file entry_0.tsv (TSV, C-alpha atoms)
chain	number	residue	atom	x	y	z
A	1	MET	CA	-22.23	150.44	176.42
A	2	PRO	CA	-25.70	151.75	175.71
A	3	ASP	CA	-26.87	155.03	177.12
A	4	SER	CA	-29.78	154.01	179.37
A	5	GLN	CA	-31.76	156.61	181.27
A	6	PRO	CA	-35.32	156.26	182.59
A	7	GLN	CA	-37.53	158.99	181.18
A	8	PRO	CA	-39.75	160.84	183.67
A	9	PRO	CA	-43.45	160.71	182.93
A	10	PRO	CA	-44.83	163.85	181.27
A	11	SER	CA	-47.59	165.75	183.00
A	12	SER	CA	-50.08	165.55	180.14
A	13	PRO	CA	-51.74	162.51	178.56
A	14	SER	CA	-50.28	161.06	175.40
A	15	PRO	CA	-52.14	158.85	172.93
A	16	SER	CA	-49.05	156.99	171.75
A	17	GLY	CA	-48.60	154.73	174.76
A	18	SER	CA	-45.91	156.90	176.29
A	19	PRO	CA	-45.69	157.56	180.05
A	20	GLY	CA	-48.56	159.61	181.36
A	21	GLN	CA	-51.21	158.27	179.02
A	22	SER	CA	-54.88	158.35	179.97
A	23	ASP	CA	-56.53	155.79	182.24
A	24	GLY	CA	-58.61	154.26	179.40
A	25	ALA	CA	-58.09	150.95	177.66
A	26	LEU	CA	-54.59	150.15	176.45
A	27	LEU	CA	-53.57	147.50	173.93
A	28	LEU	CA	-50.10	145.96	174.13
A	29	CYS	CA	-49.41	144.58	170.66
A	30	GLY	CA	-47.13	141.76	169.61
A	31	ALA	CA	-45.54	140.98	172.98
A	32	ARG	CA	-43.64	137.75	173.51
A	33	LEU	CA	-44.37	135.65	176.61
A	34	THR	CA	-41.97	133.36	178.42
A	35	ASP	CA	-43.74	130.33	176.98
A	36	GLY	CA	-42.82	131.49	173.46
A	37	ARG	CA	-46.24	132.78	172.38
A	38	THR	CA	-46.62	136.17	170.71
A	39	VAL	CA	-49.78	137.88	171.94
A	40	ASP	CA	-51.83	141.04	172.19
A	41	VAL	CA	-52.83	142.09	175.71
A	42	ARG	CA	-55.70	144.49	176.39
A	43	LEU	CA	-55.72	146.40	179.67
A	44	SER	CA	-58.66	148.22	181.21
A	45	GLY	CA	-59.52	149.48	184.68
A	46	GLY	CA	-56.11	148.58	186.04
A	47	ARG	CA	-56.45	144.91	185.11
A	48	ILE	CA	-55.70	142.62	182.19
A	49	GLU	CA	-58.95	142.39	180.28
A	50	ALA	CA	-57.94	139.95	177.54
A	51	VAL	CA	-54.97	138.07	176.09
A	52	GLY	CA	-55.14	136.82	172.51
A	53	THR	CA	-52.96	135.77	169.63
A	54	ALA	CA	-51.10	138.59	167.92
A	55	GLY	CA	-53.49	140.69	165.85
A	56	SER	CA	-56.65	139.20	167.36
A	57	LEU	CA	-57.48	142.12	169.67
A	58	GLY	CA	-56.52	145.04	167.48
A	59	GLY	CA	-59.36	145.45	164.99
A	60	THR	CA	-60.20	148.81	163.50
A	61	ARG	CA	-62.85	149.39	166.17
A	62	ALA	CA	-60.58	148.47	169.07
A	63	ARG	CA	-60.73	151.16	171.73
A	64	GLY	CA	-57.87	152.87	173.52
A	65	ALA	CA	-54.22	153.57	172.85
A	66	ARG	CA	-51.73	151.03	171.53
A	67	VAL	CA	-48.16	150.19	172.42
A	68	ASP	CA	-46.09	148.18	169.96
A	69	LEU	CA	-44.16	145.54	171.93
A	70	ALA	CA	-42.65	143.71	168.97
A	71	GLY	CA	-39.23	142.56	170.11
A	72	TYR	CA	-40.14	142.77	173.80
A	73	LEU	CA	-40.65	140.08	176.42
A	74	LEU	CA	-43.68	140.79	178.63
A	75	LEU	CA	-43.41	139.83	182.30
A	76	PRO	CA	-45.24	140.40	185.57
A	77	ALA	CA	-43.67	143.53	187.00
A	78	PRO	CA	-41.07	143.02	189.73
A	79	VAL	CA	-41.32	144.71	193.11
A	80	GLU	CA	-38.72	145.92	195.61
A	81	PRO	CA	-39.15	144.17	199.00
A	82	HIS	CA	-36.20	145.75	200.80
A	83	ALA	CA	-35.19	149.37	200.16
A	84	HIS	CA	-33.80	152.08	202.44
A	85	ALA	CA	-35.50	155.26	201.30
A	86	ASP	CA	-34.19	157.49	204.10
A	87	THR	CA	-30.51	156.86	203.29
A	88	ALA	CA	-30.73	156.27	199.52
A	89	LEU	CA	-28.51	158.33	197.20
A	90	SER	CA	-26.49	159.78	200.09
A	91	ALA	CA	-23.07	158.26	199.33
A	92	ASP	CA	-21.66	161.49	197.89
A	93	THR	CA	-22.73	163.83	200.68
A	94	GLY	CA	-19.28	163.62	202.33
A	95	GLY	CA	-20.64	163.30	205.84
A	96	PRO	CA	-23.52	161.95	207.93
A	97	VAL	CA	-26.80	161.48	206.13
A	98	SER	CA	-28.89	164.63	206.39
A	99	PRO	CA	-31.98	164.18	208.60
A	100	ASP	CA	-33.62	167.24	207.00
A	101	PRO	CA	-37.10	166.11	205.93
A	102	LEU	CA	-36.95	167.98	202.62
A	103	ASP	CA	-33.68	166.26	201.73
A	104	VAL	CA	-35.01	162.86	202.78
A	105	ARG	CA	-38.17	163.40	200.75
A	106	ARG	CA	-36.19	164.42	197.65
A	107	ARG	CA	-33.84	161.43	197.85
A	108	ALA	CA	-36.65	158.98	198.65
A	109	THR	CA	-38.66	160.20	195.65
A	110	GLU	CA	-35.68	160.09	193.31
A	111	ALA	CA	-34.75	156.59	194.49
A	112	ALA	CA	-38.30	155.30	194.02
A	113	LEU	CA	-38.45	156.73	190.50
A	114	LEU	CA	-35.07	155.19	189.71
A	115	GLN	CA	-36.31	151.78	190.81
A	116	LEU	CA	-39.60	152.30	188.99
A	117	GLY	CA	-37.58	152.87	185.82
A	118	HIS	CA	-36.04	149.45	186.38
A	119	GLY	CA	-39.54	147.97	186.63
A	120	ALA	CA	-40.43	147.91	190.35
A	121	THR	CA	-44.01	149.16	190.60
A	122	ALA	CA	-44.19	148.57	194.37
A	123	LEU	CA	-41.52	149.17	197.00
A	124	ARG	CA	-41.16	148.48	200.71
A	125	ALA	CA	-38.85	151.03	202.35
A	126	HIS	CA	-37.23	150.59	205.76
A	127	VAL	CA	-37.01	153.89	207.68
A	128	ARG	CA	-35.26	154.52	210.99
A	129	VAL	CA	-37.37	156.13	213.69
A	130	GLY	CA	-36.42	157.58	217.07
A	131	ASP	CA	-33.07	158.97	218.25
A	132	VAL	CA	-31.92	162.08	216.37
A	133	GLN	CA	-34.31	161.79	213.43
A	134	GLY	CA	-37.41	161.18	215.55
A	135	LEU	CA	-40.30	160.71	213.14
A	136	GLY	CA	-39.10	163.31	210.63
A	137	ALA	CA	-37.59	160.84	208.16
A	138	LEU	CA	-40.69	158.64	208.31
A	139	ASP	CA	-42.96	161.61	207.67
A	140	ALA	CA	-40.79	162.60	204.68
A	141	VAL	CA	-40.92	159.10	203.17
A	142	LEU	CA	-44.68	158.87	203.74
A	143	THR	CA	-45.06	162.21	201.96
A	144	ALA	CA	-42.93	160.91	199.08
A	145	GLY	CA	-45.16	157.86	198.88
A	146	ARG	CA	-48.28	159.98	198.59
A	147	SER	CA	-46.71	162.06	195.82
A	148	LEU	CA	-45.89	158.88	193.88
A	149	ARG	CA	-49.46	157.55	193.81
A	150	GLY	CA	-50.38	156.51	190.32
A	151	LEU	CA	-46.74	155.85	189.46
A	152	ALA	CA	-45.61	153.38	192.12
A	153	GLU	CA	-46.77	152.04	195.46
A	154	LEU	CA	-44.38	152.92	198.30
A	155	THR	CA	-44.95	151.43	201.77
A	156	THR	CA	-42.81	151.91	204.88
A	157	VAL	CA	-41.32	149.82	207.65
A	158	ALA	CA	-40.66	151.65	210.93
A	159	MET	CA	-37.27	150.69	212.42
A	160	PRO	CA	-36.53	151.71	216.02
A	161	ARG	CA	-33.00	151.19	217.35
A	162	VAL	CA	-33.71	149.82	220.85
A	163	LEU	CA	-36.91	148.37	222.32
A	164	THR	CA	-35.78	146.85	225.63
A	165	GLY	CA	-34.58	148.22	228.95
A	166	VAL	CA	-34.88	151.84	230.05
A	167	ALA	CA	-33.97	153.22	226.59
A	168	GLY	CA	-36.39	150.82	224.97
A	169	ALA	CA	-39.42	152.53	226.49
A	170	ASP	CA	-38.81	155.57	224.30
A	171	GLY	CA	-38.25	153.36	221.24
A	172	LEU	CA	-41.51	151.50	221.83
A	173	ALA	CA	-43.42	154.78	222.20
A	174	VAL	CA	-41.92	156.07	218.94
A	175	LEU	CA	-42.79	152.81	217.19
A	176	ARG	CA	-46.41	153.11	218.29
A	177	ASP	CA	-46.49	156.70	217.03
A	178	ALA	CA	-44.97	155.57	213.72
A	179	VAL	CA	-47.79	153.07	213.19
A	180	LYS	CA	-50.37	155.74	213.98
A	181	MET	CA	-48.64	158.08	211.52
A	182	GLY	CA	-48.93	155.59	208.67
A	183	ALA	CA	-46.10	153.07	208.78
A	184	CYS	CA	-47.86	149.87	207.75
A	185	VAL	CA	-45.05	147.44	208.70
A	186	VAL	CA	-43.11	147.20	211.97
A	187	GLY	CA	-39.51	146.04	212.02
A	188	GLY	CA	-36.00	146.90	213.05
A	189	CYS	CA	-32.74	145.17	213.84
A	190	PRO	CA	-32.98	142.94	216.94
A	191	ASP	CA	-29.28	142.02	216.65
A	192	ALA	CA	-28.43	145.63	217.66
A	193	ASP	CA	-30.54	145.53	220.83
A	194	PRO	CA	-28.96	144.35	224.13
A	195	ASP	CA	-31.84	141.87	224.36
A	196	PRO	CA	-32.57	140.58	220.83
A	197	THR	CA	-35.29	138.18	221.99
A	198	GLY	CA	-37.02	140.92	223.95
A	199	TYR	CA	-36.84	143.17	220.88
A	200	VAL	CA	-38.55	140.54	218.73
A	201	GLU	CA	-41.20	139.96	221.38
A	202	ALA	CA	-41.98	143.69	221.52
A	203	VAL	CA	-42.25	143.97	217.73
A	204	LEU	CA	-44.45	140.88	217.39
A	205	GLU	CA	-46.74	142.03	220.20
A	206	LEU	CA	-47.25	145.45	218.66
A	207	ALA	CA	-47.72	143.94	215.19
A	208	SER	CA	-50.35	141.55	216.51
A	209	GLU	CA	-52.10	144.41	218.29
A	210	HIS	CA	-52.34	146.50	215.09
A	211	GLY	CA	-52.59	143.71	212.52
A	212	CYS	CA	-49.33	144.77	210.84
A	213	PRO	CA	-46.76	142.65	208.99
A	214	VAL	CA	-43.28	142.33	210.52
A	215	ASP	CA	-40.00	142.82	208.66
A	216	LEU	CA	-36.80	142.35	210.66
A	217	HIS	CA	-33.10	142.81	209.83
A	218	THR	CA	-30.82	140.02	210.92
A	219	ASP	CA	-27.62	138.54	209.55
A	220	ALA	CA	-28.68	135.18	211.09
A	221	THR	CA	-25.24	134.30	212.42
A	222	ASP	CA	-26.84	132.91	215.61
A	223	PRO	CA	-29.05	129.92	214.67
A	224	ALA	CA	-30.48	129.59	218.18
A	225	ARG	CA	-31.64	133.20	218.09
A	226	LEU	CA	-33.21	132.70	214.67
A	227	ALA	CA	-34.91	129.52	215.89
A	228	ARG	CA	-36.46	131.47	218.77
A	229	LEU	CA	-37.64	134.12	216.32
A	230	ALA	CA	-39.22	131.46	214.12
A	231	ALA	CA	-40.93	129.88	217.12
A	232	MET	CA	-42.39	133.22	218.21
A	233	ALA	CA	-43.39	134.24	214.67
A	234	GLY	CA	-45.15	131.03	213.71
A	235	GLY	CA	-48.73	131.66	212.73
A	236	LEU	CA	-48.57	135.45	212.99
A	237	ARG	CA	-50.65	137.05	210.27
A	238	PRO	CA	-50.27	138.98	208.00
A	239	GLY	CA	-46.76	137.55	208.09
A	240	VAL	CA	-43.13	137.84	209.14
A	241	THR	CA	-40.16	138.59	206.90
A	242	VAL	CA	-36.49	138.50	207.84
A	243	GLY	CA	-33.37	139.42	205.92
A	244	PRO	CA	-30.76	139.50	204.61
A	245	CYS	CA	-29.70	136.35	206.54
A	246	ALA	CA	-26.29	136.15	204.84
A	247	GLY	CA	-24.89	134.55	207.99
A	248	LEU	CA	-26.81	131.37	207.22
A	249	SER	CA	-24.41	130.69	204.35
A	250	ARG	CA	-21.49	130.64	206.80
A	251	LEU	CA	-23.04	128.06	209.14
A	252	PRO	CA	-22.27	124.33	208.95
A	253	ALA	CA	-24.55	122.70	206.39
A	254	ASP	CA	-26.54	120.63	208.89
A	255	MET	CA	-27.13	123.63	211.16
A	256	ALA	CA	-28.20	125.84	208.23
A	257	SER	CA	-30.54	123.10	207.02
A	258	ARG	CA	-32.23	122.77	210.43
A	259	THR	CA	-32.67	126.54	210.61
A	260	ALA	CA	-34.18	126.59	207.13
A	261	ASP	CA	-36.66	123.89	208.17
A	262	GLN	CA	-37.65	125.96	211.22
A	263	LEU	CA	-38.22	129.07	209.08
A	264	ALA	CA	-40.31	127.08	206.61
A	265	ALA	CA	-42.45	125.55	209.38
A	266	ALA	CA	-43.10	129.02	210.81
A	267	GLY	CA	-44.00	130.49	207.40
A	268	VAL	CA	-41.25	133.11	207.66
A	269	THR	CA	-40.13	134.73	204.39
A	270	VAL	CA	-36.44	135.47	203.80
A	271	VAL	CA	-35.43	138.48	201.72
A	272	CYS	CA	-31.86	138.16	200.47
A	273	LEU	CA	-29.76	141.05	199.11
A	274	PRO	CA	-27.61	139.75	196.24
A	275	GLN	CA	-26.58	143.28	195.19
A	276	GLY	CA	-24.97	144.15	198.54
A	277	GLY	CA	-25.67	144.75	202.22
A	278	CYS	CA	-27.42	147.53	204.07
A	279	GLY	CA	-27.26	149.32	207.39
A	280	GLY	CA	-27.27	146.95	210.35
A	281	ALA	CA	-26.42	143.92	208.21
A	282	ASP	CA	-23.19	142.19	207.30
A	283	HIS	CA	-21.98	142.75	203.75
A	284	ARG	CA	-20.44	139.34	203.16
A	285	GLY	CA	-22.24	136.96	200.86
A	286	THR	CA	-25.89	136.19	200.28
A	287	ALA	CA	-28.35	133.94	202.08
A	288	PRO	CA	-28.20	130.30	200.87
A	289	VAL	CA	-31.16	130.66	198.53
A	290	ARG	CA	-31.08	127.13	197.11
A	291	LEU	CA	-31.03	125.56	200.57
A	292	LEU	CA	-33.85	127.81	201.77
A	293	ARG	CA	-36.00	127.14	198.70
A	294	ALA	CA	-35.41	123.41	198.99
A	295	ALA	CA	-36.68	123.56	202.59
A	296	GLY	CA	-39.85	125.31	201.45
A	297	VAL	CA	-38.95	128.82	202.58
A	298	ARG	CA	-40.33	131.63	200.44
A	299	VAL	CA	-37.28	133.57	199.24
A	300	ALA	CA	-37.51	137.07	197.79
A	301	ALA	CA	-34.65	139.28	196.62
A	302	GLY	CA	-34.23	142.98	197.32
A	303	SER	CA	-31.75	145.74	196.66
A	304	GLY	CA	-30.79	146.91	200.13
A	305	ALA	CA	-28.62	150.00	200.12
A	306	LEU	CA	-28.94	152.22	197.07
A	307	ARG	CA	-25.83	154.34	196.63
A	308	ASP	CA	-25.38	155.12	200.29
A	309	VAL	CA	-22.44	154.51	202.65
A	310	PHE	CA	-23.19	150.79	202.89
A	311	ASN	CA	-23.23	150.24	199.11
A	312	PRO	CA	-22.13	153.34	197.16
A	313	VAL	CA	-22.56	151.53	193.82
A	314	GLY	CA	-26.02	150.05	194.44
A	315	ARG	CA	-28.28	150.05	191.39
A	316	GLY	CA	-31.63	149.12	192.88
A	317	ASP	CA	-32.37	146.98	189.84
A	318	PRO	CA	-34.50	143.86	190.45
A	319	LEU	CA	-33.34	142.32	187.16
A	320	GLU	CA	-29.76	142.62	188.36
A	321	ALA	CA	-30.72	140.90	191.62
A	322	ALA	CA	-32.26	138.05	189.62
A	323	TYR	CA	-29.24	137.94	187.30
A	324	LEU	CA	-26.88	137.55	190.27
A	325	LEU	CA	-28.96	134.74	191.77
A	326	ALA	CA	-28.90	132.94	188.43
A	327	SER	CA	-25.23	133.51	187.61
A	328	ARG	CA	-23.75	133.17	191.09
A	329	ASP	CA	-26.17	131.10	193.15
A	330	GLY	CA	-27.27	128.56	190.56
A	331	LEU	CA	-30.96	129.38	190.22
A	332	SER	CA	-32.60	128.99	186.84
A	333	PRO	CA	-33.64	132.27	185.18
A	334	GLU	CA	-37.27	131.45	186.01
A	335	GLU	CA	-36.49	130.72	189.66
A	336	ALA	CA	-34.37	133.85	189.91
A	337	TYR	CA	-37.06	136.08	188.42
A	338	ASP	CA	-39.62	134.58	190.81
A	339	THR	CA	-37.62	136.00	193.75
A	340	VAL	CA	-38.16	139.57	192.50
A	341	SER	CA	-41.69	139.08	191.16
A	342	ALA	CA	-44.15	136.46	192.47
A	343	SER	CA	-42.34	135.69	195.74
A	344	ALA	CA	-41.53	139.35	196.38
A	345	ARG	CA	-45.15	140.32	195.76
A	346	ALA	CA	-46.32	137.63	198.18
A	347	ALA	CA	-43.84	138.91	200.78
A	348	LEU	CA	-45.39	142.38	200.46
A	349	GLY	CA	-48.94	141.01	200.66
A	350	LEU	CA	-49.69	142.07	197.07
A	351	PRO	CA	-52.02	140.13	194.76
A	352	GLU	CA	-50.54	137.66	192.30
A	353	VAL	CA	-49.80	138.88	188.76
A	354	ARG	CA	-49.87	136.72	185.64
A	355	VAL	CA	-50.13	137.74	182.01
A	356	GLU	CA	-53.66	136.37	181.93
A	357	ALA	CA	-57.13	137.91	181.87
A	358	GLY	CA	-58.37	139.09	185.26
A	359	PHE	CA	-54.99	139.74	186.87
A	360	PRO	CA	-53.66	143.18	187.89
A	361	ALA	CA	-52.04	145.11	185.04
A	362	GLU	CA	-48.63	145.38	186.71
A	363	LEU	CA	-46.26	144.54	183.87
A	364	LEU	CA	-42.70	144.95	182.63
A	365	ALA	CA	-41.73	144.73	178.97
A	366	VAL	CA	-38.00	144.11	178.36
A	367	ARG	CA	-36.39	144.05	174.95
A	368	GLY	CA	-35.52	140.44	174.17
A	369	ASP	CA	-37.21	137.14	173.46
A	370	ARG	CA	-36.03	134.93	176.35
A	371	LEU	CA	-35.90	135.49	180.09
A	372	ALA	CA	-32.20	134.60	180.30
A	373	GLY	CA	-31.42	137.30	177.74
A	374	ALA	CA	-33.61	139.84	179.52
A	375	LEU	CA	-31.73	139.25	182.78
A	376	SER	CA	-28.42	139.60	180.96
A	377	LEU	CA	-29.03	142.66	178.77
A	378	GLY	CA	-32.37	144.12	179.80
A	379	TYR	CA	-31.62	147.76	179.02
A	380	SER	CA	-34.76	148.88	177.15
A	381	ARG	CA	-37.83	148.62	179.38
A	382	ILE	CA	-41.46	149.71	179.43
A	383	VAL	CA	-43.23	149.69	182.79
A	384	VAL	CA	-47.00	149.38	183.28
A	385	HIS	CA	-48.61	150.24	186.62
A	386	GLN	CA	-52.37	150.13	187.20
A	387	GLY	CA	-52.94	149.55	183.52
A	388	ARG	CA	-50.97	152.45	182.08
A	389	VAL	CA	-47.42	153.03	180.91
A	390	VAL	CA	-45.64	154.99	183.65
A	391	THR	CA	-42.04	155.00	182.42
A	392	ARG	CA	-39.84	153.96	179.50
A	393	THR	CA	-36.11	153.37	179.35
A	394	SER	CA	-34.64	153.26	175.85
A	395	ALA	CA	-31.16	152.10	174.97
A	396	VAL	CA	-29.45	152.20	171.56
A	397	ARG	CA	-26.08	150.67	170.81
A	398	GLU	CA	-24.24	151.97	167.74
A	399	TYR	CA	-21.05	150.79	166.05
A	400	CYS	CA	-18.83	152.43	163.50
A	401	ASP	CA	-19.00	151.07	159.95
A	402	SER	CA	-17.94	147.44	159.78
A	403	ALA	CA	-17.68	145.49	156.56
A	404	ALA	CA	-17.57	142.24	158.54
A	405	ALA	CA	-20.84	143.05	160.31
A	406	ALA	CA	-22.50	143.91	157.00
A	407	ARG	CA	-21.37	140.67	155.37
A	408	LEU	CA	-22.65	138.59	158.28
A	409	GLY	CA	-25.95	140.45	158.42
A	410	LEU	CA	-25.64	141.17	162.14
A	411	PRO	CA	-28.56	143.09	163.70
A	412	GLN	CA	-28.18	146.82	164.19
A	413	GLN	CA	-30.18	148.96	166.62
A	414	GLY	CA	-28.89	152.30	165.40
A	415	ARG	CA	-27.70	153.47	162.02
A	416	GLY	CA	-26.55	156.99	162.83
A	417	GLU	CA	-23.08	158.35	162.19
A	418	LEU	CA	-20.66	158.05	165.10
A	419	PRO	CA	-18.45	161.06	165.82
call {"tool": "encode", "arguments": {"input": "entry_0.tsv", "output": "structure tokens"}}
result
Amino acid sequence: MPDSQPQPPPSSPSPSGSPGQSDGALLLCGARLTDGRTVDVRLSGGRIEAVGTAGSLGGTRARGARVDLAGYLLLPAPVEPHAHADTALSADTGGPVSPDPLDVRRRATEAALLQLGHGATALRAHVRVGDVQGLGALDAVLTAGRSLRGLAELTTVAMPRVLTGVAGADGLAVLRDAVKMGACVVGGCPDADPDPTGYVEAVLELASEHGCPVDLHTDATDPARLARLAAMAGGLRPGVTVGPCAGLSRLPADMASRTADQLAAAGVTVVCLPQGGCGGADHRGTAPVRLLRAAGVRVAAGSGALRDVFNPVGRGDPLEAAYLLASRDGLSPEEAYDTVSASARAALGLPEVRVEAGFPAELLAVRGDRLAGALSLGYSRIVVHQGRVVTRTSAVREYCDSAAAARLGLPQQGRGELP
């Protein structure tokens, strides 16, 4: 198995196209696109300035640094629509997750950098507010987000536990304070409230008041409850997202189909979690992505828990999420990658990215020449955010001497001596 570790960006600029390079023009040379073309791509000012046939943009007077992408497939960068920054990387603590803001900030930063190394240049993190942690965890994640500017874009969803009844008054006050503090999305888990419908009503009202998106956790085991949510959410802008909705896959087919139609009519996005569950959500299965897509529902895929008590082996890798949807749920590689790129970006309200002139320079280069291969063995990666390389992950596989391999002329990545 290759040794694959994301390399942290150095603090000083580098002219070779390595992480931390200057903000000037950058030329990506010899990249392969999913349509089979091999191209040069020039980046400037955080956008794609030009795309031309290989060698056409790299004259002797071409400005800026160059990155050789021969052997790499160039894609729009994926994003992470469903992370849990406050509990990430806490599986080995041996007890309750520490609410200490310094610990939360450290883990949230490390988790975001880990996911950036996989290619996710934007992340939406769900953070619990109220109860014991108050607003401390949210403040820590917001601080982590500010420290990551220029590397990745981290936004937060405030998640209160209860919003109805006597206890709900405190939760609603905390949620309002969270929005004032900087949480740009309101959410939570209505299934955990004694009055799920009242919880949804409170979230939607506050979101409408502040012009915030909504992102709610639900396993969707109760179709009537989900239908009420869809009816209330219809037309709300800038949009409503629900997930992971794994319970839909356990409903009778006709009932699941009707629910999917209701979600589509309301314009509600579903974020599934093919890599595992998360706090407040059932672990079993994944939302019925093919049924939802057929009904016209926008479906994005997220990571959920990242090595915490709910999924101690979570990787936080969007390419793995796409791989699982292709291998297990029957999506084509292109459809699967859409769930972690174009559809996930739309769910987060981010602008569309294409490898074409004029689009944002948010890109992922993966060693390989076909998307199916990249989803299967995408170890070596180069990540571009705002027009500059922000991280590289290099992997080299070596074998001991093999006469058979030499006779067949099999490709070799490394030629060093093995111990």
call {"tool": "closest_atom_pairs", "arguments": {"input": "entry_0.tsv", "of": "stretch 217-297 of chain A", "to": "stretch 176-188 of chain A", "cutoff": "10 Å", "atoms": "only C-alpha atoms", "output": "CSV"}}
result
residue,atom,partner,partner_atom,distance
A:His217,CA,A:Gly188,CA,6.0
A:Thr218,CA,A:Gly188,CA,8.9
A:Pro238,CA,A:Val185,CA,10.0
A:Val240,CA,A:Gly187,CA,9.4
A:Thr241,CA,A:Gly187,CA,9.1
A:Val242,CA,A:Gly187,CA,9.1
A:Gly280,CA,A:Gly188,CA,9.1
call {"tool": "closest_residue", "arguments": {"input": "entry_0.tsv", "among": "A:Gly117, A:Gly71, A:Gly235, A:Gly316", "to": "A:Ala83", "atoms": "all atoms listed in the file"}}
result
A:Gly316
call {"tool": "closest_residue", "arguments": {"input": "entry_0.tsv", "among": "A:Val390, A:Cys272, A:Leu331, A:Ala169", "to": "A:Ala294", "atoms": "all atoms listed in the file"}}
result
A:Leu331
call {"tool": "residues_around", "arguments": {"input": "entry_0.tsv", "residues": "A:Ala230", "least_positions_apart": "3", "cutoff": "7 Å", "atoms": "only C-alpha atoms", "output": "ChimeraX atom specification"}}
result
/A:226-227,233-234,262-263,266,268
call {"tool": "residues_around", "arguments": {"input": "entry_0.tsv", "residues": "A:Tyr337", "least_positions_apart": "3", "cutoff": "10 Å", "atoms": "only C-alpha atoms", "output": "PDB file with C-alpha atoms, keeping the file's coordinate frame"}}
result
ATOM      1  CA  LEU A  75     -43.410 139.830 182.300  1.00  0.00           C
ATOM      2  CA  PRO A  76     -45.240 140.400 185.570  1.00  0.00           C
ATOM      3  CA  PRO A  78     -41.070 143.020 189.730  1.00  0.00           C
ATOM      4  CA  ALA A 300     -37.510 137.070 197.790  1.00  0.00           C
ATOM      5  CA  ALA A 301     -34.650 139.280 196.620  1.00  0.00           C
ATOM      6  CA  PRO A 318     -34.500 143.860 190.450  1.00  0.00           C
ATOM      7  CA  LEU A 319     -33.340 142.320 187.160  1.00  0.00           C
ATOM      8  CA  GLU A 320     -29.760 142.620 188.360  1.00  0.00           C
ATOM      9  CA  ALA A 321     -30.720 140.900 191.620  1.00  0.00           C
ATOM     10  CA  ALA A 322     -32.260 138.050 189.620  1.00  0.00           C
ATOM     11  CA  TYR A 323     -29.240 137.940 187.300  1.00  0.00           C
ATOM     12  CA  LEU A 325     -28.960 134.740 191.770  1.00  0.00           C
ATOM     13  CA  ALA A 326     -28.900 132.940 188.430  1.00  0.00           C
ATOM     14  CA  LEU A 331     -30.960 129.380 190.220  1.00  0.00           C
ATOM     15  CA  SER A 332     -32.600 128.990 186.840  1.00  0.00           C
ATOM     16  CA  PRO A 333     -33.640 132.270 185.180  1.00  0.00           C
ATOM     17  CA  GLU A 334     -37.270 131.450 186.010  1.00  0.00           C
ATOM     18  CA  VAL A 340     -38.160 139.570 192.500  1.00  0.00           C
ATOM     19  CA  SER A 341     -41.690 139.080 191.160  1.00  0.00           C
ATOM     20  CA  ALA A 342     -44.150 136.460 192.470  1.00  0.00           C
ATOM     21  CA  SER A 343     -42.340 135.690 195.740  1.00  0.00           C
ATOM     22  CA  ALA A 344     -41.530 139.350 196.380  1.00  0.00           C
ATOM     23  CA  LEU A 371     -35.900 135.490 180.090  1.00  0.00           C
ATOM     24  CA  ALA A 372     -32.200 134.600 180.300  1.00  0.00           C
ATOM     25  CA  LEU A 375     -31.730 139.250 182.780  1.00  0.00           C
TER      26      LEU A 375
END
call {"tool": "residues_around", "arguments": {"input": "entry_0.tsv", "residues": "stretch 37-52 of chain A", "least_positions_apart": "2", "cutoff": "6 Å", "atoms": "only C-alpha atoms", "output": "JSON, numbers by chain"}}
result
{"A": [25, 26, 27, 28, 29, 30, 31, 32, 33, 35, 54, 56, 357, 358, 359, 360, 361, 386, 387]}
call {"tool": "atom_distance", "arguments": {"input": "entry_0.tsv", "atom1": "atom CA of A:Leu236", "atom2": "atom CA of A:Gly198"}}
result
16.8 Å
